[in-house]
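**Student:** What follows is a single structure, and I will ask about it in a moment.
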Amino acid sequence: MIILEFKAKGKKHQYSAIDEAIRTVQFIRNSCLRYWMDNKRVNKFDLNKYSAVLANNFPFANELNSTARQSSAERAWSSIIRFFDNCKKKVPGKKGFPKFHKNCRSVEYKQSGWKLSPDKKSITFSDKKGIGKLKLKGTWDLWRFDKKQIKRVRIVRRADGYYVQFCVSVNIKEELEPTGTAVGLDVGLKEFYTDSTGNTEPNPRFYRTGEKRLKFYQRRVSRKKKGSSNRRKAVNRLGRHHLRISRQREEHAKRLARCVVRSNDLVAYEDLRVKNLAKNHCLAKSINDAGWYQFRKWMEHFGTKFKKVTVAVNPAYTSQNCSECGEVVKKSLSTRTHTCKCGCQLDRDHNAAINILKRALSTVGHTGTWIIDPNASGDPTSTLPGSGLVEQVRSLSEESPRL
């Protein structure tokens with residue numbers, strides 16, 4: 001499944017119609033959530049039925065396509081089921097009780113309510129909201145895919161305009177020649193990451209670079225009168241700069257993750273809880289600016305795409321243990337060199353990356369030469385020497401759970 005995104009070009013009244021559709025989606029989603037709070041034993045199908053009841057009671061809700069109303073009800077149910085899952089797993093802290101949305105930014109259609117032009121350079125929405133025909137601007141080759149492969153169409157509002165996203169059901173897996181290498185990665189704030197061979201990737205610090213300009217736009221917002229059009233323009237300018245920084249961070253993480261996964265057969269990294277690390281008010285801004293979560297997310301995606309193994313290991317004591325003798329060498333964050341009595345002297349992050357790789361190899365049981373079966377649909381396998389047995393490595397989702 002892939003997402004293809006295009007910039008939507010239309011007229012002012014079409015943008016107003018999109019805004020009205022987004023407000024309707026927010027109303028249906030919040031109403032379904034209230035219906036669940038007020039009634040016991042409500043399930044997903046009950047919320048879908050209730051979205052039809054809302055359409056009968058409110059004319060503006062009836063103007064929205066029926067599949068878009070169902071998608072709004074499914075949004076409410078996804079927040080509910082996530083709350084239940086957190087309760088069952090006994091997640092520490094707040095369990096994420098569903099909240100009412102105040103600023104929804106998208107409307108989603110299923111396989112009806114829209115129609116692509118024959119050249120697939122424009123899309124027409126046929127519900128009664130009056131969105132009409134929108135031109136699509138982008139570099140993706142949408143004509144390659146059949147309409148039956150497009151499962152969802154979403155209109156997204158951002159600070160720099162409106163976008164149309166297509167959720168296309170395709171097989172994204174690719175075959176690559178084995179490289180015969182494995183690497184461990186230790187992410188940090190000084191360097192973006194240090195691998196087990198000693199190579200480092202500089203930390204771009206996109207937010208720190210653009211922070212001066214952000215403060216300028218923030219001051220302009222604070223000087224404008226609340227509710228005025230000038231303040232609305234200033235807020236939009238500030239939002240566009242934030243959007244630019246987030247896109248830079250996402251693109252950097254994606255390009256780096258693709259390069260790392262393609263160059264190695266196994267990639268090991270720390271199973272960090274970035275949300276908990278960001279609670280440190282001294283380092284929160286730098287941690288969020290680094291984009292560790294985006295990097296991990298893309299590594300897992302490309303690991304599945306290229307049929308490579310990605311392993312998340314417990315980061316405990318990877319910086320303190322010696323990578324040669326295993327002795328615990330206590331050091332503070334300010335100590336950047338690992339020096340052990342066995343004679344091992346390495347950069348702190350290099351030592352941690354080696355420990356991460358060793359821990360990953362012991363986790364997946366790579367005691368011999370590991371093989372990629374070109375006919376297998378899943379993960380690589382490892383062969384234990386002398387045993388005559390082949391053990392299948394666990395699936396990607398088990399090795400590398402989502403944050």
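Each chain in the structure tokens gets a letter, A, B and so on, in the order shown; residues start at 1 in every chain, and ligands are counted from 1 in the order they appear.
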Leaving out Ser169 (chain A) and any residue of its chain fewer than 5 positions from it, which residues lie within 12 Å of it when counting only C-alpha atoms, given as a VMD selection string?

**Tutor:** chain A and resid 1 to 4 145 to 152

**Student:** Could you write out the selected residues, including N, CA, C and O atoms, as an mmCIF file, in the first residue's frame?

**Tutor:**
```
data_model
loop_
_atom_site.group_PDB
_atom_site.id
_atom_site.type_symbol
_atom_site.label_atom_id
_atom_site.label_comp_id
_atom_site.auth_asym_id
_atom_site.auth_seq_id
_atom_site.Cartn_x
_atom_site.Cartn_y
_atom_site.Cartn_z
ATOM 1 N N MET A 1 0.844 -1.189 0.000
ATOM 2 C CA MET A 1 0.000 0.000 0.000
ATOM 3 C C MET A 1 0.885 1.246 0.000
ATOM 4 O O MET A 1 1.784 1.376 0.819
ATOM 5 N N ILE A 2 0.654 2.134 -0.944
ATOM 6 C CA ILE A 2 1.434 3.372 -1.025
ATOM 7 C C ILE A 2 0.476 4.560 -1.067
ATOM 8 O O ILE A 2 -0.703 4.422 -1.412
ATOM 9 N N ILE A 3 0.997 5.729 -0.706
ATOM 10 C CA ILE A 3 0.234 6.978 -0.729
ATOM 11 C C ILE A 3 0.850 7.900 -1.779
ATOM 12 O O ILE A 3 2.038 8.226 -1.710
ATOM 13 N N LEU A 4 0.052 8.301 -2.752
ATOM 14 C CA LEU A 4 0.474 9.262 -3.763
ATOM 15 C C LEU A 4 -0.201 10.593 -3.484
ATOM 16 O O LEU A 4 -1.426 10.650 -3.326
ATOM 17 N N PHE A 145 -1.790 3.020 -12.505
ATOM 18 C CA PHE A 145 -2.618 2.199 -11.636
ATOM 19 C C PHE A 145 -4.066 2.200 -12.108
ATOM 20 O O PHE A 145 -4.585 3.213 -12.582
ATOM 21 N N ASP A 146 -4.696 1.059 -11.937
ATOM 22 C CA ASP A 146 -6.111 0.929 -12.255
ATOM 23 C C ASP A 146 -6.937 1.559 -11.146
ATOM 24 O O ASP A 146 -6.516 1.612 -9.989
ATOM 25 N N LYS A 147 -8.142 1.999 -11.497
ATOM 26 C CA LYS A 147 -8.997 2.651 -10.506
ATOM 27 C C LYS A 147 -9.345 1.711 -9.359
ATOM 28 O O LYS A 147 -9.517 2.146 -8.214
ATOM 29 N N LYS A 148 -9.448 0.409 -9.639
ATOM 30 C CA LYS A 148 -9.794 -0.546 -8.589
ATOM 31 C C LYS A 148 -8.692 -0.645 -7.531
ATOM 32 O O LYS A 148 -8.960 -1.076 -6.407
ATOM 33 N N GLN A 149 -7.480 -0.252 -7.893
ATOM 34 C CA GLN A 149 -6.387 -0.286 -6.931
ATOM 35 C C GLN A 149 -6.429 0.884 -5.953
ATOM 36 O O GLN A 149 -5.783 0.829 -4.907
ATOM 37 N N ILE A 150 -7.156 1.934 -6.294
ATOM 38 C CA ILE A 150 -7.255 3.110 -5.420
ATOM 39 C C ILE A 150 -8.350 2.842 -4.387
ATOM 40 O O ILE A 150 -9.536 2.815 -4.711
ATOM 41 N N LYS A 151 -7.949 2.643 -3.147
ATOM 42 C CA LYS A 151 -8.888 2.271 -2.097
ATOM 43 C C LYS A 151 -9.461 3.482 -1.359
ATOM 44 O O LYS A 151 -10.593 3.445 -0.892
ATOM 45 N N ARG A 152 -8.690 4.535 -1.246
ATOM 46 C CA ARG A 152 -9.144 5.736 -0.534
ATOM 47 C C ARG A 152 -8.621 6.980 -1.247
ATOM 48 O O ARG A 152 -7.542 6.954 -1.846
#
```

**Student:** Give the strand (DSSP E or B) residues of region 126-271 of chain A, as DSSP finds them on the backbone, and put them as a PDB file with N, CA and C atoms, in the first residue's frame.

**Tutor:**
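Just written: result.pdb:
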```pdb
ATOM      1  N   GLY A 132     -16.438  19.959  -6.720  1.00  0.00           N
ATOM      2  CA  GLY A 132     -16.286  19.960  -8.173  1.00  0.00           C
ATOM      3  C   GLY A 132     -14.952  19.425  -8.641  1.00  0.00           C
ATOM      4  N   LYS A 133     -14.453  19.979  -9.734  1.00  0.00           N
ATOM      5  CA  LYS A 133     -13.254  19.480 -10.411  1.00  0.00           C
ATOM      6  C   LYS A 133     -12.013  20.208  -9.912  1.00  0.00           C
ATOM      7  N   LEU A 134     -11.007  19.429  -9.500  1.00  0.00           N
ATOM      8  CA  LEU A 134      -9.738  19.964  -9.030  1.00  0.00           C
ATOM      9  C   LEU A 134      -8.614  19.446  -9.915  1.00  0.00           C
ATOM     10  N   LYS A 135      -7.701  20.341 -10.294  1.00  0.00           N
ATOM     11  CA  LYS A 135      -6.535  19.925 -11.060  1.00  0.00           C
ATOM     12  C   LYS A 135      -5.491  19.334 -10.122  1.00  0.00           C
ATOM     13  N   LEU A 136      -4.775  18.314 -10.593  1.00  0.00           N
ATOM     14  CA  LEU A 136      -3.761  17.630  -9.797  1.00  0.00           C
ATOM     15  C   LEU A 136      -2.382  18.004 -10.317  1.00  0.00           C
ATOM     16  N   LYS A 137      -1.547  18.532  -9.430  1.00  0.00           N
ATOM     17  CA  LYS A 137      -0.187  18.915  -9.777  1.00  0.00           C
ATOM     18  C   LYS A 137       0.785  18.041  -8.992  1.00  0.00           C
ATOM     19  N   ILE A 150      -7.156   1.934  -6.294  1.00  0.00           N
ATOM     20  CA  ILE A 150      -7.255   3.110  -5.420  1.00  0.00           C
ATOM     21  C   ILE A 150      -8.350   2.842  -4.387  1.00  0.00           C
ATOM     22  N   LYS A 151      -7.949   2.643  -3.147  1.00  0.00           N
ATOM     23  CA  LYS A 151      -8.888   2.271  -2.097  1.00  0.00           C
ATOM     24  C   LYS A 151      -9.461   3.482  -1.359  1.00  0.00           C
ATOM     25  N   ARG A 152      -8.690   4.535  -1.246  1.00  0.00           N
ATOM     26  CA  ARG A 152      -9.144   5.736  -0.534  1.00  0.00           C
ATOM     27  C   ARG A 152      -8.621   6.980  -1.247  1.00  0.00           C
ATOM     28  N   VAL A 153      -9.402   8.058  -1.149  1.00  0.00           N
ATOM     29  CA  VAL A 153      -8.982   9.370  -1.640  1.00  0.00           C
ATOM     30  C   VAL A 153      -9.208  10.366  -0.512  1.00  0.00           C
ATOM     31  N   ARG A 154      -8.195  11.136  -0.205  1.00  0.00           N
ATOM     32  CA  ARG A 154      -8.262  12.058   0.931  1.00  0.00           C
ATOM     33  C   ARG A 154      -7.876  13.456   0.476  1.00  0.00           C
ATOM     34  N   ILE A 155      -8.633  14.449   0.917  1.00  0.00           N
ATOM     35  CA  ILE A 155      -8.282  15.860   0.693  1.00  0.00           C
ATOM     36  C   ILE A 155      -7.727  16.405   2.006  1.00  0.00           C
ATOM     37  N   VAL A 156      -6.520  16.930   1.946  1.00  0.00           N
ATOM     38  CA  VAL A 156      -5.830  17.405   3.151  1.00  0.00           C
ATOM     39  C   VAL A 156      -5.584  18.901   3.023  1.00  0.00           C
ATOM     40  N   ARG A 157      -5.876  19.625   4.075  1.00  0.00           N
ATOM     41  CA  ARG A 157      -5.613  21.065   4.129  1.00  0.00           C
ATOM     42  C   ARG A 157      -4.342  21.314   4.937  1.00  0.00           C
ATOM     43  N   ARG A 158      -3.415  22.027   4.332  1.00  0.00           N
ATOM     44  CA  ARG A 158      -2.186  22.393   5.023  1.00  0.00           C
ATOM     45  C   ARG A 158      -1.998  23.901   4.930  1.00  0.00           C
ATOM     46  N   GLY A 161      -1.690  25.182   1.294  1.00  0.00           N
ATOM     47  CA  GLY A 161      -2.696  24.843   0.293  1.00  0.00           C
ATOM     48  C   GLY A 161      -3.366  23.523   0.572  1.00  0.00           C
ATOM     49  N   TYR A 162      -4.014  22.976  -0.465  1.00  0.00           N
ATOM     50  CA  TYR A 162      -4.785  21.736  -0.352  1.00  0.00           C
ATOM     51  C   TYR A 162      -4.124  20.648  -1.192  1.00  0.00           C
ATOM     52  N   TYR A 163      -4.183  19.425  -0.681  1.00  0.00           N
ATOM     53  CA  TYR A 163      -3.556  18.285  -1.342  1.00  0.00           C
ATOM     54  C   TYR A 163      -4.559  17.139  -1.440  1.00  0.00           C
ATOM     55  N   VAL A 164      -4.407  16.345  -2.508  1.00  0.00           N
ATOM     56  CA  VAL A 164      -5.221  15.149  -2.702  1.00  0.00           C
ATOM     57  C   VAL A 164      -4.311  13.939  -2.595  1.00  0.00           C
ATOM     58  N   GLN A 165      -4.658  13.020  -1.703  1.00  0.00           N
ATOM     59  CA  GLN A 165      -3.877  11.814  -1.485  1.00  0.00           C
ATOM     60  C   GLN A 165      -4.649  10.598  -1.996  1.00  0.00           C
ATOM     61  N   PHE A 166      -3.946   9.697  -2.676  1.00  0.00           N
ATOM     62  CA  PHE A 166      -4.523   8.456  -3.174  1.00  0.00           C
ATOM     63  C   PHE A 166      -3.854   7.292  -2.458  1.00  0.00           C
ATOM     64  N   CYS A 167      -4.651   6.457  -1.825  1.00  0.00           N
ATOM     65  CA  CYS A 167      -4.150   5.245  -1.173  1.00  0.00           C
ATOM     66  C   CYS A 167      -4.283   4.100  -2.174  1.00  0.00           C
ATOM     67  N   VAL A 168      -3.149   3.636  -2.703  1.00  0.00           N
ATOM     68  CA  VAL A 168      -3.122   2.662  -3.795  1.00  0.00           C
ATOM     69  C   VAL A 168      -2.627   1.319  -3.262  1.00  0.00           C
ATOM     70  N   ALA A 182      26.187  -6.379   7.975  1.00  0.00           N
ATOM     71  CA  ALA A 182      25.221  -5.996   9.006  1.00  0.00           C
ATOM     72  C   ALA A 182      25.783  -4.788   9.733  1.00  0.00           C
ATOM     73  N   VAL A 183      24.907  -3.924  10.216  1.00  0.00           N
ATOM     74  CA  VAL A 183      25.357  -2.674  10.828  1.00  0.00           C
ATOM     75  C   VAL A 183      24.493  -2.366  12.047  1.00  0.00           C
ATOM     76  N   GLY A 184      25.126  -1.779  13.041  1.00  0.00           N
ATOM     77  CA  GLY A 184      24.425  -1.283  14.216  1.00  0.00           C
ATOM     78  C   GLY A 184      24.486   0.234  14.247  1.00  0.00           C
ATOM     79  N   LEU A 185      23.386   0.875  14.630  1.00  0.00           N
ATOM     80  CA  LEU A 185      23.294   2.331  14.608  1.00  0.00           C
ATOM     81  C   LEU A 185      23.015   2.854  16.012  1.00  0.00           C
ATOM     82  N   ASP A 186      23.759   3.856  16.393  1.00  0.00           N
ATOM     83  CA  ASP A 186      23.519   4.551  17.660  1.00  0.00           C
ATOM     84  C   ASP A 186      23.193   6.006  17.335  1.00  0.00           C
ATOM     85  N   VAL A 187      21.946   6.398  17.547  1.00  0.00           N
ATOM     86  CA  VAL A 187      21.544   7.771  17.249  1.00  0.00           C
ATOM     87  C   VAL A 187      21.945   8.687  18.397  1.00  0.00           C
ATOM     88  N   GLU A 191      26.018  13.809  16.687  1.00  0.00           N
ATOM     89  CA  GLU A 191      25.925  13.259  15.335  1.00  0.00           C
ATOM     90  C   GLU A 191      24.563  12.599  15.208  1.00  0.00           C
ATOM     91  N   PHE A 192      23.994  12.629  14.009  1.00  0.00           N
ATOM     92  CA  PHE A 192      22.675  12.017  13.838  1.00  0.00           C
ATOM     93  C   PHE A 192      22.724  10.533  14.163  1.00  0.00           C
ATOM     94  N   TYR A 193      23.737   9.836  13.636  1.00  0.00           N
ATOM     95  CA  TYR A 193      23.980   8.463  14.063  1.00  0.00           C
ATOM     96  C   TYR A 193      25.442   8.119  13.842  1.00  0.00           C
ATOM     97  N   THR A 194      25.903   7.130  14.609  1.00  0.00           N
ATOM     98  CA  THR A 194      27.224   6.537  14.441  1.00  0.00           C
ATOM     99  C   THR A 194      27.026   5.051  14.253  1.00  0.00           C
ATOM    100  N   ASP A 195      27.604   4.490  13.182  1.00  0.00           N
ATOM    101  CA  ASP A 195      27.398   3.058  12.947  1.00  0.00           C
ATOM    102  C   ASP A 195      28.538   2.237  13.557  1.00  0.00           C
ATOM    103  N   THR A 200      30.050   8.254  10.718  1.00  0.00           N
ATOM    104  CA  THR A 200      29.068   9.118  11.351  1.00  0.00           C
ATOM    105  C   THR A 200      28.298   9.899  10.294  1.00  0.00           C
ATOM    106  N   GLU A 201      27.086  10.282  10.656  1.00  0.00           N
ATOM    107  CA  GLU A 201      26.245  11.129   9.811  1.00  0.00           C
ATOM    108  C   GLU A 201      25.950  12.410  10.576  1.00  0.00           C
ATOM    109  N   PRO A 202      26.261  13.574  10.032  1.00  0.00           N
ATOM    110  CA  PRO A 202      26.045  14.823  10.781  1.00  0.00           C
ATOM    111  C   PRO A 202      24.572  15.085  11.042  1.00  0.00           C
ATOM    112  N   LEU A 266      21.258  -6.515   7.410  1.00  0.00           N
ATOM    113  CA  LEU A 266      20.649  -6.403   8.735  1.00  0.00           C
ATOM    114  C   LEU A 266      20.999  -5.046   9.318  1.00  0.00           C
ATOM    115  N   VAL A 267      20.004  -4.359   9.836  1.00  0.00           N
ATOM    116  CA  VAL A 267      20.201  -3.057  10.470  1.00  0.00           C
ATOM    117  C   VAL A 267      19.671  -3.143  11.889  1.00  0.00           C
ATOM    118  N   ALA A 268      20.528  -2.865  12.849  1.00  0.00           N
ATOM    119  CA  ALA A 268      20.154  -2.886  14.261  1.00  0.00           C
ATOM    120  C   ALA A 268      20.158  -1.462  14.801  1.00  0.00           C
ATOM    121  N   TYR A 269      19.178  -1.141  15.629  1.00  0.00           N
ATOM    122  CA  TYR A 269      19.066   0.198  16.203  1.00  0.00           C
ATOM    123  C   TYR A 269      18.412   0.098  17.563  1.00  0.00           C
ATOM    124  N   GLU A 270      18.449   1.187  18.294  1.00  0.00           N
ATOM    125  CA  GLU A 270      17.926   1.203  19.658  1.00  0.00           C
ATOM    126  C   GLU A 270      16.401   1.316  19.666  1.00  0.00           C
TER     127      GLU A 270
END
```

**Student:** I'd like the interatomic distance between CA of Tyr50 (chain A) and CA of Ser31 (chain A), to a tenth of an Å.

**Tutor:**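 According to the coordinates, CA of Tyr50 (chain A) and CA of Ser31 (chain A) are separated by 8.9 Å.
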
**Student:** Neighbours of region 357-362 of chain A within 12 Å (only C-alpha atoms; same-chain residues fewer than 4 positions away dropped), as a ChimeraX atom specification?

**Tutor:** /A:181-186,194-197,265-271,309-318,321-324,326,350-353,366-370,382,393,399-400

**Student:** Between A:Phe58, A:Ile123, A:Arg29, A:Lys49, which has the minimum distance to Ser78 (chain A) (counting only C-alpha atoms)?

**Tutor:** A:Arg29

**Student:** With only C-alpha atoms as the counted atoms, please give the residues lying no more than 10 Å from Asn103 (chain A), apart from itself and same-chain residues fewer than 5 positions off, as a short mmCIF file (atom, residue, chain, number, x, y, z; two decimals) with all heavy atoms, in the first residue's frame.

**Tutor:**
```
data_model
loop_
_atom_site.label_atom_id
_atom_site.label_comp_id
_atom_site.auth_asym_id
_atom_site.auth_seq_id
_atom_site.Cartn_x
_atom_site.Cartn_y
_atom_site.Cartn_z
N ILE A 22 -14.72 19.49 5.47
CA ILE A 22 -13.87 19.14 6.60
C ILE A 22 -14.59 19.43 7.92
O ILE A 22 -14.52 18.64 8.87
CB ILE A 22 -12.53 19.90 6.51
CG1 ILE A 22 -11.71 19.38 5.33
CG2 ILE A 22 -11.74 19.77 7.80
CD1 ILE A 22 -10.44 20.15 5.07
N ARG A 23 -15.32 20.54 7.99
CA ARG A 23 -16.09 20.85 9.20
C ARG A 23 -17.19 19.80 9.43
O ARG A 23 -17.47 19.43 10.57
CB ARG A 23 -16.70 22.25 9.10
CG ARG A 23 -15.72 23.37 9.33
CD ARG A 23 -16.44 24.69 9.53
NE ARG A 23 -17.10 25.12 8.30
CZ ARG A 23 -16.54 25.89 7.38
NH1 ARG A 23 -15.29 26.30 7.54
NH2 ARG A 23 -17.21 26.25 6.30
N GLN A 26 -15.62 16.73 10.90
CA GLN A 26 -15.34 16.93 12.31
C GLN A 26 -16.61 16.78 13.14
O GLN A 26 -16.60 16.17 14.23
CB GLN A 26 -14.73 18.32 12.51
CG GLN A 26 -14.44 18.68 13.95
CD GLN A 26 -13.75 20.03 14.08
OE1 GLN A 26 -12.71 20.26 13.47
NE2 GLN A 26 -14.33 20.93 14.83
#
```

**Student:** With only C-alpha atoms as the basis for distance, which of A:Pro204, A:Gly303, A:Gly188, A:Gly239 is at the shortest distance from Leu333 (chain A)?

**Tutor:**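 Ranking A:Pro204, A:Gly303, A:Gly188, A:Gly239 by distance to Leu333 (chain A), first place goes to A:Gly188.
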